[in-house]
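Visitor: Next up, data.cif (mmCIF, C-alpha atoms).
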data_target
loop_
_atom_site.label_atom_id
_atom_site.label_comp_id
_atom_site.auth_asym_id
_atom_site.auth_seq_id
_atom_site.Cartn_x
_atom_site.Cartn_y
_atom_site.Cartn_z
CA ARG A 4 138.70 21.57 237.70
CA LEU A 5 141.27 19.49 235.95
CA SER A 6 141.39 15.84 236.94
CA PHE A 7 144.34 14.82 234.86
CA PRO A 8 147.48 13.86 236.75
CA THR A 9 149.54 17.03 237.00
CA SER A 10 151.81 15.50 239.62
CA PHE A 11 154.55 15.39 237.00
CA LYS A 12 155.45 18.88 238.21
CA PHE A 13 156.54 17.42 241.55
CA ALA A 14 158.73 14.90 239.79
CA TYR A 15 160.30 17.77 237.86
CA LEU A 16 160.86 19.80 241.01
CA PHE A 17 162.64 17.00 242.81
CA LEU A 18 164.56 15.79 239.79
CA PRO A 19 166.46 18.75 238.37
CA LEU A 20 168.68 17.59 235.59
CA THR A 21 172.07 18.89 234.61
CA ARG A 22 171.57 17.54 231.14
CA ARG A 23 168.55 16.20 229.28
CA THR A 24 168.49 14.00 226.21
CA TYR A 25 165.57 14.22 223.83
CA CYS A 26 164.49 10.66 224.44
CA ASN A 27 162.03 10.04 221.63
CA MET A 28 164.80 10.45 219.09
CA GLY A 29 166.97 7.51 218.14
CA GLU A 30 170.26 7.58 216.25
CA PRO A 31 169.83 9.75 213.14
CA ASP A 32 169.58 8.02 209.80
CA THR A 33 172.90 8.24 207.98
CA GLU A 34 171.51 7.77 204.46
CA GLU A 35 169.12 10.71 204.35
CA PRO A 36 167.90 13.40 206.77
CA ALA A 37 164.37 12.02 207.26
CA THR A 38 161.81 14.32 208.84
CA MET A 39 158.28 14.00 210.16
CA LEU A 40 155.36 16.22 211.13
CA ALA A 41 154.97 16.88 214.87
CA LEU A 42 153.15 19.08 217.37
CA HIS A 43 155.96 20.74 219.30
CA HIS A 44 157.46 23.86 220.84
CA GLU A 45 160.99 25.17 220.47
CA LYS A 46 161.07 27.40 223.54
CA PHE A 47 159.16 27.97 226.76
CA GLY A 48 156.12 30.19 226.85
CA GLY A 49 152.38 30.35 226.38
CA PRO A 50 150.22 29.01 223.54
CA ALA A 51 151.99 31.28 221.04
CA VAL A 52 155.08 29.02 221.06
CA ASP A 53 153.17 25.90 219.94
CA ARG A 54 153.94 24.74 216.42
CA VAL A 55 153.02 22.01 213.96
CA GLY A 56 155.90 21.44 211.58
CA GLN A 57 158.69 19.20 210.37
CA ILE A 58 161.31 17.88 212.80
CA ALA A 59 163.88 15.06 212.67
CA ARG A 60 162.39 11.59 212.50
CA PRO A 61 163.50 8.89 214.97
CA GLY A 62 166.11 6.41 213.81
CA SER A 63 166.26 2.67 214.38
CA PRO A 64 164.91 1.28 217.66
CA GLY A 65 167.19 0.32 220.51
CA THR A 66 167.51 -3.32 221.49
CA ARG A 67 164.38 -3.25 223.65
CA GLN A 68 162.44 -0.62 221.76
CA LEU A 69 159.80 -0.40 219.06
CA LEU A 70 159.57 2.18 216.29
CA VAL A 71 155.87 3.02 216.03
CA ARG A 72 154.03 4.80 213.26
CA VAL A 73 151.57 6.84 215.29
CA HIS A 74 147.89 6.87 214.37
CA ALA A 75 146.72 8.97 217.33
CA SER A 76 147.88 10.58 220.57
CA SER A 77 146.13 12.53 223.31
CA LEU A 78 146.86 15.53 225.49
CA ASN A 79 147.20 15.91 229.25
CA PRO A 80 147.79 18.94 231.49
CA ALA A 81 151.37 17.79 232.03
CA ASP A 82 151.99 18.72 228.39
CA PHE A 83 151.16 22.39 228.54
CA LYS A 84 152.58 22.77 232.03
CA ALA A 85 155.94 21.60 230.70
CA ARG A 86 155.64 24.05 227.80
CA SER A 87 155.03 26.94 230.20
CA GLY A 88 158.57 26.58 231.54
CA ALA A 89 157.64 26.15 235.18
CA GLN A 90 160.78 24.04 235.62
CA LYS A 91 163.15 25.89 233.27
CA ALA A 92 165.34 27.03 236.17
CA LEU A 93 165.86 23.37 237.14
CA LEU A 94 166.03 21.54 233.80
CA SER A 95 168.18 21.77 230.70
CA HIS A 96 166.09 20.96 227.65
CA ALA A 97 166.98 19.90 224.12
CA TRP A 98 164.76 21.30 221.41
CA PRO A 99 162.24 20.76 219.98
CA GLN A 100 159.96 19.32 222.66
CA VAL A 101 157.13 17.21 221.22
CA TYR A 102 153.74 16.89 222.91
CA GLY A 103 152.11 13.63 223.98
CA PHE A 104 152.66 10.83 226.51
CA ASP A 105 149.97 8.56 224.99
CA PHE A 106 150.09 6.78 221.65
CA SER A 107 148.34 4.21 219.50
CA GLY A 108 149.84 3.03 216.25
CA ASP A 109 151.51 0.30 214.21
CA VAL A 110 154.93 -1.24 214.85
CA VAL A 111 157.36 -0.41 212.05
CA SER A 112 160.46 -2.18 213.39
CA VAL A 113 161.50 -4.10 216.49
CA GLY A 114 164.67 -4.05 218.59
CA ALA A 115 166.91 -7.11 218.67
CA GLU A 116 166.02 -8.12 222.26
CA VAL A 117 162.25 -7.58 222.14
CA GLY A 118 161.69 -11.24 221.30
CA GLY A 119 158.34 -12.51 220.08
CA ALA A 120 156.13 -10.21 222.13
CA PHE A 121 155.72 -7.76 219.24
CA ALA A 122 156.34 -7.83 215.51
CA ALA A 123 156.26 -5.37 212.66
CA GLY A 124 152.64 -4.64 211.75
CA ASP A 125 151.22 -5.11 215.27
CA ALA A 126 148.83 -2.41 216.46
CA VAL A 127 150.00 -1.27 219.91
CA PHE A 128 149.16 1.41 222.46
CA GLY A 129 150.59 2.69 225.72
CA MET A 130 152.13 5.55 227.70
CA ARG A 131 155.79 6.56 227.63
CA LYS A 132 157.76 6.38 230.87
CA GLY A 133 158.67 9.23 233.16
CA VAL A 134 158.70 12.73 231.66
CA ARG A 135 159.40 11.43 228.16
CA ARG A 136 156.84 12.64 225.64
CA GLY A 137 157.03 12.75 221.84
CA CYS A 138 153.83 10.97 220.73
CA CYS A 139 152.06 13.81 218.87
CA ALA A 140 154.15 13.03 215.82
CA GLU A 141 154.16 10.69 212.86
CA TYR A 142 156.70 8.34 214.48
CA VAL A 143 157.92 7.65 218.01
CA LEU A 144 160.39 5.29 219.68
CA VAL A 145 158.94 3.51 222.73
CA ASP A 146 160.11 0.87 225.18
CA ALA A 147 158.50 -2.47 224.37
CA ASP A 148 157.69 -3.16 227.99
CA ILE A 149 155.14 -0.32 228.23
CA CYS A 150 153.06 -1.50 225.28
CA ALA A 151 150.00 -3.67 224.86
CA LYS A 152 148.42 -4.90 221.66
CA LYS A 153 145.43 -2.79 220.69
CA PRO A 154 142.16 -4.75 220.55
CA ALA A 155 141.00 -4.99 216.95
CA ALA A 156 137.54 -3.60 217.72
CA VAL A 157 138.95 -0.50 219.45
CA SER A 158 139.83 2.48 217.27
CA HIS A 159 143.26 4.09 217.45
CA ASN A 160 141.63 7.35 218.60
CA ASP A 161 139.93 5.61 221.52
CA ALA A 162 143.03 3.60 222.39
CA ALA A 163 145.25 6.69 222.42
CA SER A 164 142.97 8.49 224.86
CA VAL A 165 143.25 5.92 227.62
CA PRO A 166 146.79 4.91 228.72
CA LEU A 167 147.95 7.74 231.02
CA VAL A 168 144.60 8.25 232.73
CA ALA A 169 143.81 4.54 233.08
CA ILE A 170 147.27 3.65 234.40
CA THR A 171 147.01 6.49 236.91
CA ALA A 172 143.55 5.40 238.06
CA VAL A 173 144.66 1.79 238.60
CA MET A 174 147.70 2.99 240.54
CA MET A 175 145.43 5.11 242.74
CA PHE A 176 143.07 2.24 243.54
CA ARG A 177 145.97 -0.02 244.40
CA ALA A 178 147.49 2.69 246.60
CA CYS A 179 144.18 2.86 248.48
CA GLY A 180 144.44 -0.87 249.18
CA LEU A 181 141.75 -2.15 246.81
CA GLN A 182 142.19 -5.45 245.02
CA GLU A 183 141.15 -6.27 241.46
CA LEU A 184 138.18 -8.59 241.12
CA PRO A 185 139.22 -12.24 241.00
CA THR A 186 138.40 -14.58 238.15
CA GLY A 187 137.30 -18.19 238.02
CA GLY A 188 136.01 -19.89 241.16
CA GLU A 189 137.00 -17.03 243.43
CA ALA A 190 134.72 -14.62 241.57
CA ALA A 191 131.53 -16.17 242.93
CA ALA A 192 132.77 -15.93 246.51
CA ALA A 193 133.75 -12.32 245.97
CA ALA A 194 130.28 -11.54 244.61
CA ASP A 195 128.77 -12.44 247.99
CA ARG A 196 130.80 -9.76 249.76
CA PRO A 197 129.77 -6.10 249.68
CA GLY A 198 131.92 -4.08 247.34
CA PRO A 199 133.89 -1.02 248.48
CA ARG A 200 132.41 2.46 248.65
CA VAL A 201 134.42 4.84 246.48
CA LEU A 202 134.64 8.64 246.22
CA ILE A 203 136.28 10.19 243.15
CA THR A 204 136.57 13.97 242.96
CA GLY A 205 136.45 15.43 239.45
CA GLY A 206 134.61 12.58 237.78
CA ALA A 207 134.29 14.26 234.36
CA GLY A 208 138.03 14.66 233.83
CA GLY A 209 140.41 12.21 232.22
CA VAL A 210 141.36 10.18 235.29
CA GLY A 211 137.87 10.56 236.75
CA THR A 212 136.03 9.10 233.75
CA CYS A 213 138.30 6.04 233.81
CA ALA A 214 138.22 5.70 237.59
CA ILE A 215 134.41 5.61 237.77
CA GLN A 216 134.30 2.75 235.27
CA LEU A 217 137.19 0.87 236.86
CA ALA A 218 135.65 1.23 240.32
CA LYS A 219 132.66 -0.80 239.15
CA GLN A 220 134.21 -3.08 236.55
CA LEU A 221 137.62 -3.91 238.05
CA TYR A 222 137.12 -3.35 241.77
CA GLY A 223 133.44 -4.26 242.26
CA ALA A 224 132.44 -1.01 243.98
CA SER A 225 128.99 -1.08 245.52
CA PHE A 226 128.68 2.72 245.52
CA VAL A 227 130.55 5.45 243.65
CA ALA A 228 130.22 9.13 244.49
CA THR A 229 131.83 11.91 242.49
CA THR A 230 131.79 15.66 241.85
CA ALA A 231 130.88 17.40 238.59
CA SER A 232 129.15 20.51 237.33
CA ALA A 233 125.42 20.30 236.60
CA GLY A 234 124.16 19.40 233.15
CA ALA A 235 126.20 17.52 230.55
CA LYS A 236 129.04 16.53 232.87
CA THR A 237 126.67 15.19 235.51
CA GLU A 238 124.92 13.13 232.84
CA LEU A 239 128.29 11.92 231.61
CA VAL A 240 129.46 10.59 234.98
CA ARG A 241 126.08 9.01 235.74
CA GLY A 242 126.29 7.21 232.43
CA LEU A 243 129.70 5.86 233.41
CA GLY A 244 128.34 4.40 236.65
CA ALA A 245 128.37 7.11 239.33
CA ASP A 246 125.63 6.57 241.93
CA CYS A 247 125.86 10.03 243.52
CA VAL A 248 126.99 13.28 241.90
CA VAL A 249 127.63 16.42 243.93
CA ASN A 250 127.43 19.70 242.01
CA TYR A 251 130.63 21.28 243.28
CA ARG A 252 129.57 24.72 242.06
CA GLU A 253 126.64 24.81 244.47
CA GLU A 254 127.58 22.46 247.32
CA LYS A 255 130.60 21.24 249.23
CA PHE A 256 131.08 17.53 248.76
CA GLU A 257 132.72 17.16 252.17
CA GLU A 258 129.49 18.45 253.77
CA VAL A 259 126.95 16.74 251.51
CA LEU A 260 128.49 13.30 251.93
CA LEU A 261 128.59 13.59 255.74
CA ARG A 262 124.92 14.52 256.17
CA PRO A 263 123.00 12.13 258.46
CA GLY A 264 120.30 9.94 256.95
CA ALA A 265 116.56 10.50 257.23
CA GLU A 266 116.46 8.67 260.55
CA GLY A 267 119.49 10.50 261.88
CA GLU A 268 121.89 7.64 261.20
CA PRO A 269 125.51 8.60 260.46
CA ALA A 270 126.47 8.90 256.81
CA PRO A 271 128.34 5.85 255.50
CA LEU A 272 132.01 6.54 254.88
CA PHE A 273 134.28 5.57 251.99
CA ASP A 274 136.79 2.75 251.65
CA ALA A 275 138.73 4.48 248.88
CA ILE A 276 138.95 8.18 248.08
CA LEU A 277 140.62 9.33 244.86
CA ASP A 278 141.48 13.03 244.80
CA CYS A 279 141.69 14.24 241.20
CA THR A 280 141.03 17.92 241.91
CA GLY A 281 143.58 18.90 244.56
CA GLU A 282 141.09 18.82 247.45
CA VAL A 283 142.68 16.00 249.41
CA THR A 284 142.80 17.97 252.68
CA LYS A 285 138.99 17.88 252.78
CA CYS A 286 138.84 14.10 252.51
CA PRO A 287 140.05 12.49 255.79
CA PRO A 288 136.68 12.97 257.63
CA LEU A 289 135.03 10.94 254.86
CA LEU A 290 137.42 7.97 255.18
CA ALA A 291 136.14 4.70 256.61
CA GLN A 292 138.14 2.74 259.16
CA GLY A 293 140.96 0.95 257.37
CA GLY A 294 140.38 2.80 254.09
CA GLY A 295 142.75 4.70 251.84
CA ILE A 296 143.12 8.14 250.26
CA CYS A 297 145.21 8.88 247.19
CA SER A 298 145.92 12.16 245.42
CA ILE A 299 147.53 12.99 242.09
CA LEU A 300 147.65 16.75 242.60
CA LYS A 301 148.54 17.62 246.18
CA ALA A 302 150.80 16.49 249.02
CA PRO A 303 153.27 14.21 247.23
CA THR A 304 154.98 11.75 249.55
CA VAL A 305 158.65 10.88 249.43
CA ASP A 306 157.61 7.28 248.74
CA ALA A 307 155.78 8.43 245.61
CA LEU A 308 158.84 10.29 244.37
CA ARG A 309 161.12 7.33 245.06
CA GLU A 310 158.76 4.90 243.30
CA TRP A 311 158.38 7.19 240.32
CA LEU A 312 162.15 7.55 240.00
CA ARG A 313 162.55 3.78 240.06
CA ASP A 314 159.63 2.79 237.83
CA SER A 315 160.14 5.54 235.25
CA GLU A 316 163.79 4.48 234.78
CA THR A 317 164.76 8.12 234.61
CA GLU A 318 168.42 7.42 235.32
CA ARG A 319 168.66 5.22 232.25
CA VAL A 320 168.14 8.18 229.92
CA GLN A 321 168.71 11.29 232.02
CA ARG A 322 171.42 12.48 234.40
CA ILE A 323 170.14 13.55 237.81
CA THR A 324 171.74 16.48 239.59
CA PHE A 325 174.23 15.33 242.21
CA GLY A 326 172.71 15.02 245.68
CA VAL A 327 169.04 14.88 244.72
CA LYS A 328 168.67 11.11 244.80
CA GLY A 329 170.66 10.82 248.00
CA PHE A 330 168.46 13.45 249.65
CA LEU A 331 165.26 11.65 248.65
CA GLN A 332 166.58 8.28 249.77
CA SER A 333 167.73 9.52 253.18
CA SER A 334 165.49 9.43 256.24
CA MET A 335 166.11 13.11 256.87
CA GLY A 336 165.32 14.04 253.27
CA GLY A 337 162.19 11.93 253.35
CA GLY A 338 160.97 13.59 256.53
CA ILE A 339 161.62 17.07 255.18
CA THR A 340 159.84 16.25 251.91
CA ASN A 341 156.72 14.93 253.63
CA CYS A 342 156.62 17.91 255.96
CA VAL A 343 157.04 20.55 253.24
CA THR A 344 154.45 19.02 250.90
CA GLY A 345 151.81 18.48 253.59
CA ALA A 346 151.90 14.71 253.22
CA ARG A 347 152.90 14.14 256.86
CA SER A 348 149.64 15.56 258.18
CA LEU A 349 147.57 13.44 255.80
CA LEU A 350 149.55 10.33 256.66
CA ARG A 351 148.85 10.87 260.35
CA GLN A 352 145.14 11.54 259.83
CA CYS A 353 144.71 8.38 257.78
CA GLU A 354 146.81 6.27 260.14
CA ALA A 355 144.57 7.41 263.00
CA LYS A 356 141.74 5.57 261.23
CA GLY A 357 143.85 2.51 260.57
CA GLY A 358 144.12 3.56 256.95
CA ARG A 359 146.67 4.84 254.47
CA TYR A 360 147.50 7.92 252.47
CA ALA A 361 149.41 7.84 249.18
CA HIS A 362 150.30 10.00 246.24
CA VAL A 363 150.92 8.55 242.79
CA ILE A 364 152.63 9.79 239.64
CA GLY A 365 151.60 7.85 236.56
CA THR A 366 154.22 6.33 234.29
CA GLY A 367 154.28 3.78 231.49
CA ASN A 368 153.36 0.31 232.74
CA GLY A 369 152.93 -2.69 230.46
CA GLU A 370 151.33 -4.90 233.11
CA ILE A 371 148.51 -2.42 233.71
CA MET A 372 148.17 -1.85 229.96
CA GLN A 373 147.49 -5.56 229.47
CA THR A 374 144.59 -5.28 231.93
CA ILE A 375 143.29 -2.14 230.25
CA ALA A 376 143.43 -3.81 226.83
CA LYS A 377 141.30 -6.73 228.08
CA LEU A 378 138.74 -4.39 229.65
CA MET A 379 138.44 -2.38 226.44
CA GLU A 380 138.22 -5.52 224.33
CA THR A 381 135.25 -6.79 226.37
CA GLY A 382 133.53 -3.41 226.50
CA ARG A 383 133.98 -2.98 230.24
CA LEU A 384 136.03 0.19 229.80
CA ARG A 385 135.23 2.75 227.14
CA ALA A 386 137.10 5.81 226.04
CA VAL A 387 135.57 9.21 226.82
CA LEU A 388 136.58 11.73 224.17
CA ASP A 389 135.88 15.42 224.43
CA SER A 390 137.09 16.24 220.93
CA THR A 391 139.39 15.10 218.12
CA PHE A 392 141.75 17.31 216.11
CA PRO A 393 143.91 16.39 213.11
CA LEU A 394 147.65 16.78 213.70
CA SER A 395 147.60 19.81 211.40
CA GLN A 396 145.34 21.50 213.98
CA GLY A 397 147.42 20.43 216.97
CA VAL A 398 147.76 23.98 218.28
CA GLU A 399 143.97 24.21 218.54
CA ALA A 400 143.93 20.85 220.32
CA VAL A 401 146.32 22.17 222.98
CA ALA A 402 144.13 25.25 223.43
CA ARG A 403 141.08 23.04 224.01
CA SER A 404 142.90 20.88 226.54
CA GLU A 405 144.34 23.92 228.30
CA SER A 406 140.92 25.61 228.54
CA GLY A 407 139.85 23.31 231.39
CA ARG A 408 136.42 22.85 229.81
CA ALA A 409 137.02 19.44 228.24
CA GLY A 410 134.81 16.60 229.41
CA GLY A 411 137.08 13.64 228.69
CA LYS A 412 140.20 13.51 226.56
CA VAL A 413 141.36 15.68 223.67
CA VAL A 414 142.76 13.45 220.92
CA VAL A 415 145.27 14.40 218.23
CA GLU A 416 144.64 12.29 215.14
CA VAL A 417 147.81 11.70 213.14
CA ILE A 418 146.34 9.29 210.58
CA PRO A 419 142.60 9.82 209.92
CA GLU A 420 140.35 6.93 210.95
CA ALA A 421 138.98 5.00 208.00
#
Represent the structure contained in this file as structure tokens.
Guide:
Amino acid sequence: RLSFPTSFKFAYLFLPLTRRTYCNMGEPDTEEPATMLALHHEKFGGPAVDRVGQIARPGSPGTRQLLVRVHASSLNPADFKARSGAQKALLSHAWPQVYGFDFSGDVVSVGAEVGGAFAAGDAVFGMRKGVRRGCCAEYVLVDADICAKKPAAVSHNDAASVPLVAITAVMMFRACGLQELPTGGEAAAAADRPGPRVLITGGAGGVGTCAIQLAKQLYGASFVATTASAGAKTELVRGLGADCVVNYREEKFEEVLLRPGAEGEPAPLFDAILDCTGEVTKCPPLLAQGGGICSILKAPTVDALREWLRDSETERVQRITFGVKGFLQSSMGGGITNCVTGARSLLRQCEAKGGRYAHVIGTGNGEIMQTIAKLMETGRLRAVLDSTFPLSQGVEAVARSESGRAGGKVVVEVIPEA
């Protein structure tokens, strides 16, 4: 049960490109052919195509970019799914392709229009936009607006494990209609109101481990239920704040959570349901009146695809096949998309309860990263690492991530922690 956001595949399917630029590369240095070490693949295939070796190093940053010396990155299922070539009939790729959406490192140089937000020497972390990767390497070019300054007390390894999964979790909660806890005088008034009841499937995965913590720390949840296998993963999610853990290998969560109480009273329902395991069709009976359901794996909505296309700024760096955007933006195209993906049925079921259904595709987001940085700085959000591999063992890191057995994130360490 993978709980990382693999919805990138839907973005690929609806965004075939006639031409693709390798976006983590800047203009090549003219003085000398600089290279760097990177975890990459030079063709589609299985694990056998993964390589750690020298490739061209990025050049100078664009006007709104930062050149970052990477200390650590982390892996997500979207990485090895892209390597498998599931979209090779739709996309034209430039080689090599470098792993990694997430990064933590030091700013080497700053673009002319970045202003005073960042300076050379700053420690920053974040997630690259759209389907741009390239972070499992010694250097990477990133847009300044997706970065946050890394808290001094947080290691680069921990910081690199968080961006994609935390951004995705926050987007899911917002899509369900939950509001972040207020600060100042409003906080006391909010404390007097009961917090939302939250269900998160796949609590031991990357998004799940962040979502459990955020449910309590950022959204004030009064009760968090999740699914996990018995043993170490159940202990993990309980330690993160889960109040109820259903062993999905022995029981069906959709049945357990609907069982009447000891006195025969109906089971309380959930205000927000986050589907991180592709089981969203089982969730509508568990939804409370006026609540929300969000998935990252199944039933993408046309709204999700439109929002991802806009927020990821794909058109700025990649050409989209003629007709695709027009189809998605049209009412007919939107209706067909929702029908084919199964989103229409879920929308209707949730609307019948006065609620909402949404699908999200995570992308780099500086505003959310600022929130995540503050939570990590104050100890309210902690990284959950399954394992750490040096860049030289990047191929083994991919194998661990791809195994589906990781409890938390697999980190690729580019510069060893002191």
Visitor: Would you list the contacts of Lys301 (chain A) as a ChimeraX atom specification, taking every protein, DNA or RNA residue within 10 Å and counting only C-alpha atoms, but skipping same-chain residues closer than 3 positions in sequence?
Guide: /A:9-10,13,278-284,297-298,304,344-346,362-363
Visitor: Got a sec: who's within 10 Å of Glu354 (chain A), counting only C-alpha atoms, leaving out chain neighbours fewer than 4 positions off, as a ChimeraX atom specification?
Guide: /A:292-295,348-350,358-360
Visitor: What is the CA of Ser63 (chain A) to CA of Asp125 (chain A) distance in Å?
Guide: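 According to the coordinates, CA of Ser63 (chain A) and CA of Asp125 (chain A) are separated by 17.0 Å.
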Visitor: Please expand the PyMOL selection byres ((chain A and resi 118) around 12) into the concrete residues it hits in this file, giving the result as a list in words.
Guide: Thr66, Arg67, Gln68, Leu69, Val113, Gly114, Ala115, Glu116, Val117, Gly119, Ala120, Phe121, Ala122, Ala123, Ala147 and Asp148 of chain A
Visitor: What separation in Å, quoted to one decimal, exists between CA of Leu312 (chain A) and CA of Ala81 (chain A)?
Guide: 16.9 Å
Visitor: Can you sort out region 393-404 of chain A so it carries N, CA, C and O atoms, written as a compact mmCIF listing (two decimals), in the frame of the given file?
Guide:
# COMPACT_ATOMS: atom_id res chain seq x y z
N PRO A 393 142.82 16.92 213.94
CA PRO A 393 143.91 16.39 213.11
C PRO A 393 145.23 16.98 213.57
O PRO A 393 145.27 18.07 214.16
N LEU A 394 146.33 16.29 213.28
CA LEU A 394 147.65 16.78 213.70
C LEU A 394 147.91 18.19 213.17
O LEU A 394 148.54 19.01 213.85
N SER A 395 147.41 18.48 211.98
CA SER A 395 147.60 19.81 211.40
C SER A 395 146.98 20.91 212.24
O SER A 395 147.36 22.08 212.15
N GLN A 396 146.00 20.55 213.09
CA GLN A 396 145.34 21.50 213.98
C GLN A 396 145.75 21.24 215.44
O GLN A 396 144.99 21.49 216.37
N GLY A 397 146.96 20.75 215.63
CA GLY A 397 147.42 20.43 216.97
C GLY A 397 147.44 21.61 217.92
O GLY A 397 147.20 21.47 219.12
N VAL A 398 147.74 22.79 217.42
CA VAL A 398 147.76 23.98 218.28
C VAL A 398 146.37 24.23 218.86
O VAL A 398 146.23 24.55 220.05
N GLU A 399 145.34 24.05 218.05
CA GLU A 399 143.97 24.21 218.54
C GLU A 399 143.63 23.13 219.56
O GLU A 399 142.89 23.37 220.52
N ALA A 400 144.17 21.93 219.36
CA ALA A 400 143.93 20.85 220.32
C ALA A 400 144.50 21.20 221.70
O ALA A 400 143.86 20.97 222.73
N VAL A 401 145.71 21.76 221.71
CA VAL A 401 146.32 22.17 222.98
C VAL A 401 145.46 23.24 223.66
O VAL A 401 145.23 23.19 224.87
N ALA A 402 144.96 24.19 222.87
CA ALA A 402 144.13 25.25 223.43
C ALA A 402 142.87 24.67 224.07
O ALA A 402 142.45 25.12 225.14
N ARG A 403 142.26 23.67 223.44
CA ARG A 403 141.08 23.04 224.01
C ARG A 403 141.42 22.33 225.32
O ARG A 403 140.71 22.47 226.31
N SER A 404 142.49 21.59 225.32
CA SER A 404 142.90 20.88 226.54
C SER A 404 143.22 21.86 227.65
O SER A 404 142.83 21.66 228.81
